[in-house]
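J.: For reference, this is model.cif, and it has mmCIF, C-alpha atoms.
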```cif
data_protein
loop_
_atom_site.label_atom_id
_atom_site.label_comp_id
_atom_site.auth_asym_id
_atom_site.auth_seq_id
_atom_site.Cartn_x
_atom_site.Cartn_y
_atom_site.Cartn_z
CA MET A 1 0.00 0.00 0.00
CA LEU A 2 2.83 2.34 0.86
CA LEU A 3 4.85 1.33 -2.20
CA THR A 4 2.01 1.88 -4.66
CA ALA A 5 0.69 5.16 -3.21
CA ASP A 6 0.79 8.15 -5.51
CA PRO A 7 3.52 10.75 -4.82
CA GLY A 8 2.40 13.02 -2.01
CA GLU A 9 -0.41 10.70 -0.92
CA ARG A 10 -0.24 9.50 2.68
CA PRO A 11 -2.20 6.28 3.30
CA ASP A 12 -4.19 5.94 6.49
CA ILE A 13 -2.10 3.81 8.81
CA LYS A 14 -5.15 2.03 10.22
CA ASP A 15 -5.83 0.57 6.77
CA LEU A 16 -2.55 -1.36 7.04
CA ARG A 17 -3.91 -3.50 9.87
CA VAL A 18 -4.08 -7.24 9.20
CA PRO A 19 -7.79 -8.11 9.22
CA THR A 20 -9.11 -10.60 11.78
CA ARG A 21 -12.63 -11.88 12.45
CA GLU A 22 -12.92 -9.63 15.49
CA TYR A 23 -11.69 -6.59 13.60
CA LEU A 24 -14.14 -7.12 10.72
CA THR A 25 -17.19 -7.81 12.87
CA ALA A 26 -16.41 -4.80 15.08
CA ILE A 27 -16.85 -2.64 11.99
CA ASP A 28 -19.80 -4.60 10.52
CA PRO A 29 -21.42 -7.40 12.55
CA ASP A 30 -22.78 -8.95 9.33
CA ASP A 31 -19.35 -9.10 7.64
CA ASP A 32 -18.80 -12.80 6.78
CA ARG A 33 -15.63 -12.41 4.71
CA ILE A 34 -12.64 -14.70 5.41
CA PRO A 35 -9.70 -12.60 6.73
CA ASN A 36 -7.03 -14.72 5.05
CA ALA A 37 -8.85 -14.48 1.73
CA ILE A 38 -8.87 -10.70 2.01
CA VAL A 39 -5.12 -10.61 2.60
CA GLN A 40 -4.40 -12.98 -0.27
CA MET A 41 -6.63 -11.05 -2.67
CA TYR A 42 -5.11 -7.72 -1.69
CA ASN A 43 -1.56 -9.00 -2.07
CA GLY A 44 -2.45 -10.57 -5.39
CA LEU A 45 -3.75 -7.23 -6.64
CA LEU A 46 -0.63 -5.52 -5.26
CA GLU A 47 1.63 -7.93 -7.11
CA ALA A 48 -0.29 -7.29 -10.33
CA MET A 49 0.46 -3.59 -9.89
CA THR A 50 4.21 -4.16 -9.45
CA SER A 51 6.93 -5.60 -11.64
CA ALA A 52 7.54 -9.33 -11.84
CA GLY A 53 9.39 -10.59 -8.76
CA ASP A 54 8.92 -7.43 -6.70
CA MET A 55 6.42 -9.11 -4.38
CA ASP A 56 6.64 -12.88 -4.79
CA SER A 57 10.36 -12.83 -3.93
CA PHE A 58 9.58 -11.63 -0.42
CA VAL A 59 6.31 -13.31 0.56
CA SER A 60 5.35 -16.91 1.32
CA LYS A 61 3.11 -18.96 -0.95
CA ASP A 62 0.04 -18.37 1.22
CA TRP A 63 0.68 -14.59 1.16
CA ASN A 64 0.44 -14.46 4.96
CA GLU A 65 4.15 -14.07 5.69
CA GLY A 66 6.70 -11.74 4.18
CA VAL A 67 10.32 -10.67 4.47
CA ILE A 68 11.23 -7.13 5.53
CA LEU A 69 14.12 -6.00 3.36
CA GLY A 70 15.96 -2.70 3.62
CA PHE A 71 18.92 -1.15 1.83
CA VAL A 72 21.74 0.80 3.46
CA ASN A 73 23.50 3.04 0.95
CA THR A 74 27.00 2.97 2.47
CA MET A 75 29.95 0.64 3.01
CA HIS A 76 31.55 2.89 5.63
CA PRO A 77 32.31 0.53 8.55
CA VAL A 78 31.46 3.11 11.23
CA GLU A 79 28.18 4.03 9.57
CA THR A 80 27.12 0.42 8.90
CA HIS A 81 27.95 -0.43 12.51
CA GLN A 82 25.79 2.46 13.72
CA VAL A 83 22.91 1.40 11.46
CA THR A 84 23.11 -2.14 12.80
CA MET A 85 23.11 -0.92 16.39
CA ASP A 86 20.19 1.44 15.71
CA ILE A 87 18.07 -1.32 14.17
CA GLN A 88 18.86 -3.69 16.99
CA GLN A 89 18.15 -1.06 19.63
CA TYR A 90 14.82 -0.21 17.98
CA ILE A 91 13.85 -3.88 18.22
CA GLU A 92 14.92 -3.92 21.87
CA ASP A 93 12.90 -0.80 22.65
CA HIS A 94 9.73 -2.13 21.00
CA LYS A 95 10.05 -5.87 21.61
CA ASN A 96 7.06 -5.86 23.98
CA ASP A 97 4.76 -4.11 21.52
CA PRO A 98 1.79 -6.29 20.44
CA GLY A 99 2.73 -6.19 16.77
CA PHE A 100 6.17 -7.64 17.42
CA SER A 101 4.63 -10.96 18.45
CA LYS A 102 4.07 -11.55 14.73
CA VAL A 103 7.69 -10.88 13.72
CA ASN A 104 10.59 -13.34 13.59
CA PHE A 105 14.10 -11.88 13.61
CA GLY A 106 16.15 -14.45 11.71
CA LEU A 107 17.16 -17.86 13.02
CA ARG A 108 19.40 -18.52 15.98
CA SER A 109 21.43 -21.61 16.79
CA GLY A 110 19.26 -24.56 17.71
CA PRO A 111 16.39 -26.44 16.08
CA VAL A 112 15.26 -24.69 12.92
CA GLU A 113 11.62 -25.24 13.79
CA ASP A 114 12.01 -23.46 17.14
CA LEU A 115 11.36 -19.74 16.63
CA SER A 116 10.08 -19.02 20.11
CA GLY A 117 13.20 -17.09 21.05
CA ASP A 118 12.77 -14.73 18.11
CA SER A 119 9.06 -13.97 18.18
CA ASN A 120 6.63 -13.33 21.04
CA ALA A 121 9.09 -14.55 23.70
CA LEU A 122 11.43 -11.60 23.14
CA SER A 123 10.25 -10.00 26.38
CA MET A 124 11.19 -13.09 28.42
CA GLU A 125 14.71 -12.09 29.37
CA GLY A 126 16.99 -14.33 31.37
CA PRO A 127 20.56 -15.62 31.54
CA ASP A 128 20.22 -17.23 28.09
CA TYR A 129 18.63 -14.21 26.43
CA VAL A 130 20.20 -13.15 23.12
CA ARG A 131 19.41 -9.83 21.47
CA PRO A 132 17.56 -10.28 18.15
CA ALA A 133 19.93 -10.66 15.22
CA VAL A 134 20.05 -8.43 12.14
CA GLY A 135 20.41 -10.68 9.12
CA GLY A 136 21.13 -10.15 5.45
CA PHE A 137 24.21 -8.55 3.96
CA LEU A 138 24.34 -5.82 6.61
CA GLY A 139 24.27 -8.35 9.44
CA ALA A 140 26.90 -10.53 7.79
CA THR A 141 29.11 -7.52 7.10
CA GLU A 142 28.86 -6.33 10.69
CA ALA A 143 29.55 -9.81 12.09
CA THR A 144 32.66 -10.32 9.92
CA ARG A 145 33.83 -6.78 10.71
CA GLU A 146 33.74 -7.55 14.43
CA VAL A 147 35.71 -10.76 13.87
CA ALA A 148 38.28 -8.92 11.74
CA VAL A 149 38.74 -6.11 14.28
CA ASP A 150 39.25 -8.65 17.07
CA ASN A 151 41.88 -10.52 15.03
CA TRP A 152 43.80 -7.77 13.23
CA LEU A 153 46.40 -7.80 16.01
CA LEU A 154 45.81 -11.16 17.67
CA SER A 155 46.19 -13.40 14.61
CA PRO A 156 49.46 -11.87 13.35
CA LEU A 157 50.93 -11.92 16.86
CA GLN A 158 50.03 -15.58 17.23
CA THR A 159 51.61 -16.28 13.84
CA ALA A 160 54.73 -14.35 14.85
CA LEU A 161 55.00 -16.28 18.12
CA ALA A 162 54.68 -19.61 16.32
CA ILE A 163 57.33 -18.60 13.77
CA PHE A 164 59.66 -17.39 16.53
CA LEU A 165 59.44 -20.66 18.46
CA ILE A 166 59.84 -22.84 15.37
CA ALA A 167 62.78 -20.77 14.07
CA ALA A 168 64.49 -20.79 17.48
CA LEU A 169 64.24 -24.57 17.64
CA MET A 170 65.22 -25.08 14.00
CA PHE A 171 68.30 -22.83 14.08
CA ARG A 172 68.96 -23.38 17.80
CA SER A 173 69.40 -19.64 18.09
CA VAL A 174 67.12 -17.09 19.71
CA MET A 175 69.04 -14.32 17.93
CA VAL A 176 68.37 -15.77 14.47
CA ALA A 177 64.70 -16.20 15.35
CA GLY A 178 64.64 -12.57 16.51
CA ILE A 179 66.13 -11.39 13.20
CA LEU A 180 63.43 -13.24 11.27
CA ILE A 181 60.69 -11.77 13.46
CA PHE A 182 62.11 -8.26 12.99
CA THR A 183 61.93 -8.56 9.19
CA LEU A 184 58.49 -10.13 9.56
CA PHE A 185 57.19 -7.10 11.48
CA ILE A 186 58.46 -4.75 8.77
CA THR A 187 56.12 -6.45 6.31
CA LEU A 188 53.27 -6.59 8.82
CA PHE A 189 53.43 -2.88 9.69
CA ALA A 190 53.56 -2.05 6.00
CA GLN A 191 50.33 -4.01 5.56
CA TYR A 192 48.72 -2.05 8.40
CA GLY A 193 49.91 1.18 6.80
CA LEU A 194 48.34 0.19 3.48
CA GLY A 195 45.09 -0.59 5.26
CA GLY A 196 45.22 2.78 6.99
CA TYR A 197 45.72 4.54 3.67
CA PHE A 198 42.71 2.83 2.08
CA THR A 199 40.65 3.75 5.14
CA SER A 200 41.69 7.40 4.88
CA VAL A 201 40.55 7.58 1.24
CA GLY A 202 37.32 5.68 1.93
CA ASN A 203 38.23 2.58 -0.09
CA TRP A 204 36.37 -0.07 1.90
CA SER A 205 37.54 -2.90 -0.37
CA GLY A 206 41.10 -2.52 0.88
CA ASN A 207 40.86 -1.45 4.53
CA LEU A 208 41.89 -4.76 6.11
CA ALA A 209 38.36 -6.06 6.08
CA PHE A 210 37.61 -9.68 6.92
CA HIS A 211 38.37 -10.96 3.43
CA LEU A 212 41.89 -9.47 3.62
CA LEU A 213 42.80 -10.70 7.09
CA VAL A 214 44.28 -13.90 5.65
CA THR A 215 46.74 -11.88 3.54
CA LEU A 216 48.56 -10.81 6.71
CA SER A 217 49.59 -14.39 7.48
CA ILE A 218 50.45 -15.12 3.85
CA ALA A 219 52.65 -12.03 3.65
CA MET A 220 54.42 -12.89 6.91
CA GLY A 221 54.99 -16.47 5.81
CA LEU A 222 56.53 -15.46 2.48
CA GLY A 223 58.92 -13.03 4.15
CA VAL A 224 60.13 -15.58 6.70
CA ASP A 225 60.48 -18.19 3.96
CA TYR A 226 62.92 -16.00 2.01
CA GLY A 227 64.77 -15.14 5.20
CA ILE A 228 65.28 -18.82 6.06
CA TYR A 229 66.74 -19.45 2.59
CA MET A 230 69.19 -16.59 3.00
CA LEU A 231 70.29 -17.54 6.52
CA SER A 232 70.89 -21.17 5.60
CA ARG A 233 72.94 -20.25 2.54
CA LEU A 234 74.93 -17.60 4.44
CA ARG A 235 75.95 -20.22 6.99
CA GLU A 236 77.10 -22.61 4.27
CA GLU A 237 79.05 -19.90 2.45
CA MET A 238 80.71 -18.67 5.66
CA GLN A 239 81.97 -22.18 6.32
CA ALA A 240 83.07 -22.66 2.70
CA THR A 241 84.99 -19.34 2.50
CA GLY A 242 86.68 -19.62 5.86
CA GLN A 243 84.58 -16.94 7.60
CA ASN A 244 85.12 -14.40 4.80
CA TRP A 245 81.95 -12.34 5.17
CA ASN A 246 82.24 -10.29 1.99
CA GLN A 247 82.77 -13.32 -0.21
CA ALA A 248 80.08 -15.34 1.60
CA LEU A 249 77.54 -12.55 1.16
CA ARG A 250 78.43 -12.13 -2.52
CA ASN A 251 78.06 -15.86 -3.16
CA THR A 252 74.76 -15.96 -1.27
CA LEU A 253 73.30 -13.06 -3.24
CA ASP A 254 74.50 -14.56 -6.53
CA THR A 255 72.82 -17.90 -5.83
CA THR A 256 70.00 -17.88 -3.27
CA GLY A 257 69.46 -14.14 -3.69
CA SER A 258 68.92 -14.57 -7.42
CA ALA A 259 66.48 -17.43 -6.79
CA VAL A 260 64.53 -15.30 -4.30
CA LEU A 261 64.39 -12.42 -6.79
CA ILE A 262 63.16 -14.68 -9.59
CA SER A 263 60.57 -16.23 -7.26
CA VAL A 264 59.22 -12.79 -6.34
CA VAL A 265 58.97 -11.76 -10.00
CA VAL A 266 57.04 -14.94 -10.84
CA LEU A 267 54.66 -14.50 -7.89
CA LEU A 268 54.11 -10.83 -8.73
CA GLY A 269 53.21 -11.88 -12.25
CA SER A 270 50.61 -14.22 -10.73
CA PHE A 271 49.04 -11.75 -8.31
CA ILE A 272 49.20 -8.41 -10.15
CA PRO A 273 46.53 -9.42 -12.72
CA LEU A 274 44.09 -9.76 -9.80
CA VAL A 275 44.25 -5.97 -9.38
CA GLY A 276 42.32 -5.66 -12.64
CA THR A 277 39.28 -7.54 -11.35
CA ASP A 278 36.09 -5.87 -10.16
CA LEU A 279 35.71 -8.33 -7.26
CA ALA A 280 36.82 -6.69 -4.01
CA ASN A 281 38.15 -9.89 -2.44
CA THR A 282 40.57 -10.79 -5.25
CA TRP A 283 41.47 -7.14 -5.88
CA GLY A 284 42.50 -6.69 -2.25
CA LEU A 285 44.43 -9.97 -2.28
CA GLY A 286 46.42 -8.81 -5.31
CA ILE A 287 47.18 -5.41 -3.75
CA TYR A 288 48.29 -6.69 -0.35
CA ILE A 289 50.27 -9.71 -1.53
CA GLY A 290 51.93 -7.63 -4.25
CA GLU A 291 53.05 -5.06 -1.68
CA ALA A 292 54.23 -7.77 0.69
CA LEU A 293 56.32 -9.51 -1.99
CA ILE A 294 58.15 -6.29 -2.85
CA ILE A 295 58.88 -5.58 0.82
CA ASP A 296 59.85 -9.21 1.50
CA VAL A 297 62.50 -9.27 -1.22
CA PHE A 298 63.88 -5.95 0.02
CA THR A 299 64.15 -7.15 3.64
CA ALA A 300 65.57 -10.58 2.66
CA LEU A 301 68.29 -9.23 0.35
CA MET A 302 69.22 -6.01 2.19
CA ILE A 303 67.89 -5.66 5.75
CA LEU A 304 68.52 -9.26 6.83
CA PRO A 305 72.22 -9.37 5.78
CA MET A 306 72.86 -6.08 7.63
CA LEU A 307 71.25 -7.43 10.81
CA VAL A 308 73.28 -10.63 10.55
CA TYR A 309 76.52 -8.69 10.11
CA TRP A 310 75.79 -6.35 13.03
CA LEU A 311 74.57 -9.00 15.48
CA LYS A 312 76.86 -11.82 14.32
CA PRO A 313 74.79 -14.80 15.50
CA LYS A 314 76.75 -17.97 16.32
CA TYR A 315 74.63 -19.96 13.88
CA ILE A 316 76.42 -18.20 11.01
CA PHE A 317 79.67 -16.86 12.45
CA GLY A 318 80.35 -19.76 14.79
CA ALA A 319 81.49 -19.58 18.41
CA LYS A 320 83.94 -16.78 19.17
#
```
Can you dump the structure from the file as structure tokens?
T.:
Amino acid sequence: MLLTADPGERPDIKDLRVPTREYLTAIDPDDDRIPNAIVQMYNGLLEAMTSAGDMDSFVSKDWNEGVILGFVNTMHPVETHQVTMDIQQYIEDHKNDPGFSKVNFGLRSGPVEDLSGDSNALSMEGPDYVRPAVGGFLGATEATREVAVDNWLLSPLQTALAIFLIAALMFRSVMVAGILIFTLFITLFAQYGLGGYFTSVGNWSGNLAFHLLVTLSIAMGLGVDYGIYMLSRLREEMQATGQNWNQALRNTLDTTGSAVLISVVVLLGSFIPLVGTDLANTWGLGIYIGEALIIDVFTALMILPMLVYWLKPKYIFGAK
């Protein structure tokens, strides 16, 4: 009724009431019409007045149940979060209203056929009470945003801790593990900086959203991988050249360094084409992994050798 009203016309809100036997007979005691038939006929006429799919996509076959669908014209994470909270708070404020006993707010965990927690039992609060959920794309976006925010720092730190422990055991050197973690954090902070830049320009496809959280671990893993190759080859070359650092470094860069550089070029050739896609997930993956590869090769071939030379870990230089 609201959708088909002429511009400027304001329908009488009482006409939107769902007819019942009591409602009809209160107006006309001789009214013998079937309430459900009235609703079905009205909705059928409404569908005939709209385009194909506008109505039957959102109502049940008996025309007595429908889906409330709204559109939020923004991808701004702060604004979508506020919209979600406003909708949820409105439901909380009006959950005891009589009309809300006819509304189901999505499905919660548990038997699919049990909707009691989402309909007229909303007012029955207790220790197991859960606020009504907001479904659809907005609800899914908000839920994944909360997960991403909670894990932007925790997941990379857990990955860094695991890499540190494994590297310390593998090389039997806390110093070598610390060097790898230092180069790892260079890449990680660069990823955060890129996410901050996209946030500042309002590009919500590249602001470290949920779909890009996995790129942090991939980027860290690639950087440590190249660092392990370089450290292992440096140790071999130092032993082969009789602790001649300049010659060992030159040999390492000519062999393993060249392999790392070629590997980065090949991987960049695989990920850069993803930047040309219109799909946000693959576009962001190409941007973040591409940046990480460039930084990883820089840290592996330049920063890591300098740290090794300054700190002189026993794993490479041997016992003094």
J.: Expand the PyMOL selection byres ((chain A and resi 148) around 8) into the explicit residue set it covers here, and present it as a ChimeraX atom specification.
T.: /A:144-147,149-152,208-210,213
J.: Which of these, A:Gln82, A:Asn96, A:Asn246, A:Ser205, has the shortest distance to Ala280 in chain A once you count all atoms listed in the file?
T.: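 Looking only at the distances to Ala280 in chain A, the closest residue turns out to be A:Ser205.
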J.: At what distance in Å, to one decimal, does CA of Lys102 in chain A lie from CA of Pro35 in chain A?
T.: 16.0 Å
J.: Fewer than 6 positions away in the same chain doesn't count, so skip those; otherwise give me all residues within 10 Å of Val18 in chain A, counting all atoms listed in the file, as a ChimeraX atom specification.
T.: /A:35-36,38-39,64
J.: Between A:Thr84, A:Thr256, A:Ser200, A:Ser101, which residue has the minimum interatomic distance to Thr141 in chain A, considering all atoms listed in the file?
T.: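 Of A:Thr84, A:Thr256, A:Ser200, A:Ser101, the one nearest Thr141 in chain A, counting all atoms listed in the file, is A:Thr84.
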J.: Can you pull out every residue within 12 Å of Gly221 in chain A, counting all atoms listed in the file, but drop anything in the same chain fewer than 3 positions away, and send it as number ranges by chain?
T.: A: 156, 159-160, 162-164, 180-181, 183-185, 187-188, 214-218, 224-228, 289, 292-293, 296
J.: Pick out the closest residue to Ala167 in chain A from this set: A:Leu231, A:Ala219, A:Leu307, A:Leu24. Count only C-alpha atoms.
T.: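 Smallest distance to Ala167 in chain A is found for A:Leu231.
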J.: Considering only C-alpha atoms, can you say which of A:Asn281, A:Ser51, A:Ser258, A:Ser173 comes closest to Pro313 in chain A?
T.: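 Using only C-alpha atoms, Pro313 in chain A sits closest to A:Ser173.
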J.: Using only C-alpha atoms, pick whichever of A:Met230, A:Ile179, A:Ile287, A:Leu301 has the shortest atom-to-atom distance to Leu274 in chain A.
T.: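 Closest residue, counting only C-alpha atoms: A:Ile287.
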J.: Could you check how far CA of Asp6 in chain A sits from CA of Met41 in chain A, in Å to one decimal?
T.: 20.8 Å
